[in-house]
Amino acid sequence: MVKLIAIIADWEKGSEYLIAASKEVSEKLGVKLEVRKEDWDFLTQYGEKDEFGGVDIPQLFIQTESGKILHVMTRTPLTSDGKPDIGAAKKKIIEMLEGAKS
């Protein structure tokens, strides 16, 4: 079963935007959404890292039917005026899910 895995933190404002986009896609496509709070081990193993090897939060992943973990995004994309772009986030999640199923 393909599922979305969101790694979030209550203290990180960006987490709410990532969850909003993920929930909408999850409900629309019938894909399970697993939310993990501050799972640093998972982020260290699968997450996008900065130039110093550190990880950022929130991040979203897809777990394929074979168990492979694919990184979808770190934080929610921003509009040209710097606001969270939930629509762009949903589009990217859907594109990645479609690619993971093929």
# chains A, B, ... in the order shown; residues from 1 in each chain; ligands from 1
>>> select_by_dssp(residues="chain A", states="strand (DSSP E or B)", output="list in words")
Lys3, Leu4, Ile5, Ala6, Ile7, Ile8, Lys32, Leu33, Glu34, Val35, Arg36, Lys37, Lys49, Val55, Gln59, Leu60, Phe61, Ile62, Gln63, Ile69, Leu70, His71, Val72, Met73, Thr74, Leu78 and Pro84 of chain A
>>> closest_atom_pairs(of="stretch 66-94 of chain A", to="stretch 14-34 of chain A", cutoff="10 Å", atoms="only C-alpha atoms", output="tab-separated table")
residue	atom	partner	partner_atom	distance
A:Met73	CA	A:Leu18	CA	9.0
A:Thr74	CA	A:Leu18	CA	8.9
A:Arg75	CA	A:Gly14	CA	6.3
A:Thr76	CA	A:Leu18	CA	5.6
A:Pro77	CA	A:Leu18	CA	9.2
A:Pro84	CA	A:Tyr17	CA	6.9
A:Asp85	CA	A:Tyr17	CA	8.4
A:Ile86	CA	A:Ala21	CA	5.6
A:Gly87	CA	A:Ala21	CA	7.5
A:Ala88	CA	A:Ala21	CA	8.9
A:Ala89	CA	A:Ala21	CA	6.2
A:Lys90	CA	A:Ala21	CA	5.3
A:Lys91	CA	A:Val25	CA	8.8
A:Lys92	CA	A:Ala21	CA	9.9
A:Ile93	CA	A:Val25	CA	7.4
A:Ile94	CA	A:Val25	CA	7.0
>>> write_last_selection(atoms="N, CA and C atoms", output="mmCIF file, in the first residue's frame")
data_model
loop_
_atom_site.group_PDB
_atom_site.id
_atom_site.type_symbol
_atom_site.label_atom_id
_atom_site.label_comp_id
_atom_site.auth_asym_id
_atom_site.auth_seq_id
_atom_site.Cartn_x
_atom_site.Cartn_y
_atom_site.Cartn_z
ATOM 1 N N MET A 73 8.887 16.674 -0.564
ATOM 2 C CA MET A 73 9.219 18.087 -0.385
ATOM 3 C C MET A 73 9.677 18.371 1.034
ATOM 4 N N THR A 74 10.454 19.425 1.129
ATOM 5 C CA THR A 74 10.837 20.004 2.411
ATOM 6 C C THR A 74 10.132 21.350 2.466
ATOM 7 N N ARG A 75 9.257 21.505 3.432
ATOM 8 C CA ARG A 75 8.413 22.704 3.560
ATOM 9 C C ARG A 75 7.437 22.797 2.395
ATOM 10 N N THR A 76 6.508 23.701 2.506
ATOM 11 C CA THR A 76 5.517 23.941 1.459
ATOM 12 C C THR A 76 6.077 24.985 0.504
ATOM 13 N N PRO A 77 5.880 24.804 -0.806
ATOM 14 C CA PRO A 77 6.348 25.838 -1.745
ATOM 15 C C PRO A 77 5.715 27.193 -1.420
ATOM 16 N N PRO A 84 2.650 30.615 1.764
ATOM 17 C CA PRO A 84 2.552 29.174 1.458
ATOM 18 C C PRO A 84 1.593 28.931 0.288
ATOM 19 N N ASP A 85 2.034 28.117 -0.660
ATOM 20 C CA ASP A 85 1.237 27.805 -1.848
ATOM 21 C C ASP A 85 0.716 26.369 -1.720
ATOM 22 N N ILE A 86 -0.448 26.237 -1.075
ATOM 23 C CA ILE A 86 -1.039 24.919 -0.829
ATOM 24 C C ILE A 86 -1.357 24.226 -2.156
ATOM 25 N N GLY A 87 -1.820 24.997 -3.143
ATOM 26 C CA GLY A 87 -2.148 24.429 -4.457
ATOM 27 C C GLY A 87 -0.937 23.804 -5.120
ATOM 28 N N ALA A 88 0.193 24.496 -5.078
ATOM 29 C CA ALA A 88 1.423 23.957 -5.673
ATOM 30 C C ALA A 88 1.891 22.719 -4.905
ATOM 31 N N ALA A 89 1.712 22.739 -3.593
ATOM 32 C CA ALA A 89 2.099 21.577 -2.780
ATOM 33 C C ALA A 89 1.253 20.365 -3.159
ATOM 34 N N LYS A 90 -0.069 20.566 -3.282
ATOM 35 C CA LYS A 90 -0.957 19.453 -3.650
ATOM 36 C C LYS A 90 -0.599 18.911 -5.030
ATOM 37 N N LYS A 91 -0.307 19.800 -5.959
ATOM 38 C CA LYS A 91 0.055 19.374 -7.313
ATOM 39 C C LYS A 91 1.310 18.501 -7.293
ATOM 40 N N LYS A 92 2.318 18.928 -6.528
ATOM 41 C CA LYS A 92 3.570 18.163 -6.456
ATOM 42 C C LYS A 92 3.336 16.799 -5.799
ATOM 43 N N ILE A 93 2.521 16.766 -4.748
ATOM 44 C CA ILE A 93 2.234 15.497 -4.065
ATOM 45 C C ILE A 93 1.545 14.532 -5.033
ATOM 46 N N ILE A 94 0.541 15.037 -5.758
ATOM 47 C CA ILE A 94 -0.183 14.192 -6.709
ATOM 48 C C ILE A 94 0.750 13.676 -7.800
#
>>> closest_residue(among="A:Val35, A:Tyr46, A:Lys83, A:Glu12", to="A:Lys68", atoms="only C-alpha atoms")
A:Tyr46
>>> residues_around(residues="A:Ile62", least_positions_apart="4", cutoff="9 Å", atoms="only C-alpha atoms", output="ChimeraX atom specification")
/A:2-6,68-72,93,96-97,100
>>> atom_distance(atom1="atom CA of A:Asp56", atom2="atom CA of A:Leu78")
16.1 Å
>>> closest_residue(among="A:Ile8, A:Arg36, A:Met1, A:Lys13", to="A:Gln59", atoms="only C-alpha atoms")
A:Ile8
>>> residues_around(residues="A:Leu43", least_positions_apart="5", cutoff="8 Å", atoms="only C-alpha atoms", output="compact mmCIF listing (two decimals) with C-alpha atoms, in the first residue's frame")
# COMPACT_ATOMS: atom_id res chain seq x y z
CA ILE A 7 7.42 14.54 9.56
CA GLU A 48 16.74 16.18 2.47
CA VAL A 55 17.82 18.15 8.27
CA GLN A 59 9.28 17.11 5.24
>>> select_by_dssp(residues="stretch 2-91 of chain A", states="alpha helix (DSSP H)", output="PyMOL selection string")
chain A and resi 14-29+40-46+86-91
>>> atom_distance(atom1="atom CA of A:Gly53", atom2="atom CA of A:Trp40")
12.5 Å
>>> atom_distance(atom1="atom CA of A:Thr44", atom2="atom CA of A:Gly82")
27.5 Å
